[in-house]
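Below is one structure, written out as structure tokens; the observations come after it.
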Amino acid sequence: MSTDDTAHDTARDTSQRSEPADVPEMPAPRVREFAARSIGGGLALLLGLLGLAVGVGLIVTATTSVHATGGQAALIVSGIVLGIAAFVAMCGLNTVAPGEARVVQLFGRYRGTIRQDGLRWVNPLTSRAKISTRVRNHETAVLKVNDAYGNPIELAAVVVWKVQDTAQASFEVDNFLKFVATQTEAAVRHIAIEYPYDAHDEAGLSLRGNAEEVTEKLAVELHARVKAAGVQIIESRFTHLAYAPEIASAMLQRQQAGAVVAARRQIVDGAVGMVEAAIARISERDIVELDTERKAAMVSNLMVVLCGDRAAQPVLNTGSLYQ
């Protein structure tokens with residue numbers, strides 16, 4: 001096997017691994033975009049106006065200068081035919097603005113796309129459908145779904161996209177705008193049920209704690225869903241993420257309890273380190289001789305002082321520790 005074949009197989013395996021397994025497989029496109037045959041519209045406009053002028057001139061000449069009936073009729077017919085031909089030819093003129101394209105069809109067959117902006121001329125018998133290639137935003141409504149743990153949550157997303165292949169956008173789907181909107185909502189719902197709002201274990205992904213990774217997976221799934229319509233996904237982000245109102249208060253208490261536990265754990269870890277350092281320095285400097293019972297009493301007093309919610313009240317011991 002050649003190096004190119006190996007690289008191609010590796011890239012194909014990587015793309016297959018990056019896409020979710022349960023994303024629907026879209027059919028292969030039957031048509032792809034290519035450039036339509038066109039010429040500069042300025043020359044075509046000039047020739048069309050010249051043809052109209054010549055046709056009008058022939059008719060005027062026939063009515064004013066020619067007295068023979070046969071010659072007059074021939075000039076009038078020629079002028080009319082030339083004028084009609086020039087008018088029909090000028091119907092092939094198209095004004096293409098930046099960020100737009102024209103999809104050209106001739107008797108139902110796709111004949112290419114005009115992307116060059118300005119005045120262009122194509123076969124006047126063709127139909128030209130305008131399609132925007134500008135960057136667009138689509139923001140979903142606030143969706144209410146259940147996350148991976150079954151908790152009802154609310155979320156919304158915004159997707160930045162543009163039409164990359166005008167032929168696929170025109171002929172592969174019925175309405176590419178509705179198609180993108182529907183597939184975006186389906187992808188957001190699918191991602192929401194795949195991950196929890198908050199993961200119970202630190203190793204798991206969650207919608208709130210791993211927003212970058214989850215939105216990356218959302219972009220991959222969106223690309224797989226809308227590529228049949230010739231659409232390119234530029235960016236996707238969650239714009240709203242919250243628990244549903246019916247469980248918001250309970251989940252808020254749970255988050256507060258988790259924050260309190262985490263804070264207490266950090267306080268205890270810091271207090272243990274401070275007590276350990278204090279006992280070590282007292283022993284090194286030989287300030288006082290500490291036996292096991294004295295160390296236990298010091299540790300207890302220091303832990304109470306360092307971990308207490310309120311300031312400690314000092315108690316003076318005028319006697320011995322053992323009395």
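So you can find residues: chains in the structure tokens are A, B, ... in the order shown, residues in each start at 1, and ligands are numbered from 1 in order.
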Find the residues around His240 in chain A up to 8 Å (only C-alpha atoms counted), leave out those fewer than 5 positions away in its own chain, and share them as an mmCIF file with C-alpha atoms, in the first residue's frame.
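So part.cif came out as:
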data_model
loop_
_atom_site.group_PDB
_atom_site.id
_atom_site.type_symbol
_atom_site.label_atom_id
_atom_site.label_comp_id
_atom_site.auth_asym_id
_atom_site.auth_seq_id
_atom_site.Cartn_x
_atom_site.Cartn_y
_atom_site.Cartn_z
ATOM 1 C CA VAL A 142 -35.245 28.012 24.341
ATOM 2 C CA GLU A 154 -33.531 24.645 29.287
ATOM 3 C CA LEU A 155 -31.012 25.514 26.603
ATOM 4 C CA ALA A 156 -30.643 27.486 23.398
ATOM 5 C CA ALA A 157 -27.855 27.775 20.848
#
Please identify the strand (DSSP E or B) residues within range 87-117 of chain A (assignment by DSSP from backbone atoms) and present them as JSON, numbers by chain. {"A": [93, 94, 95, 96, 100, 101, 102, 103, 104, 105, 106, 109, 110, 111, 112, 113, 114]}
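With only C-alpha atoms taken into account, the protein and nucleic acid residues at most 6 Å from Ile193 in chain A (excluding it and anything under 6 positions from it in its own chain) are A:Asn146, A:Asp147, A:Ala148.
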Write a file of the selected residues as a JSON list (two decimals), in the first residue's frame, keeping C-alpha atoms.
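And here's part33.json as it stands now:
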[["chain", "number", "residue", "atom", "x", "y", "z"],
["A", 146, "ASN", "CA", -33.98, 16.12, 29.82],
["A", 147, "ASP", "CA", -30.24, 15.77, 30.31],
["A", 148, "ALA", "CA", -28.36, 12.48, 30.68]]
As a ChimeraX atom specification, list the residues of range 52-202 of chain A assigned to helix (DSSP H, G or I) by DSSP on the backbone atoms of this structure. /A:52-64,69-90,166-171,176-194
CA of Ala53 in chain A and CA of Ala89 in chain A are how many Å apart?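 CA of Ala89 in chain A lies 13.9 Å from CA of Ala53 in chain A.
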Nearest to Gln105 in chain A among A:Ile282, A:Ala86, A:Leu52, A:Val122, with distances taken over only C-alpha atoms: which residue is it? A:Val122
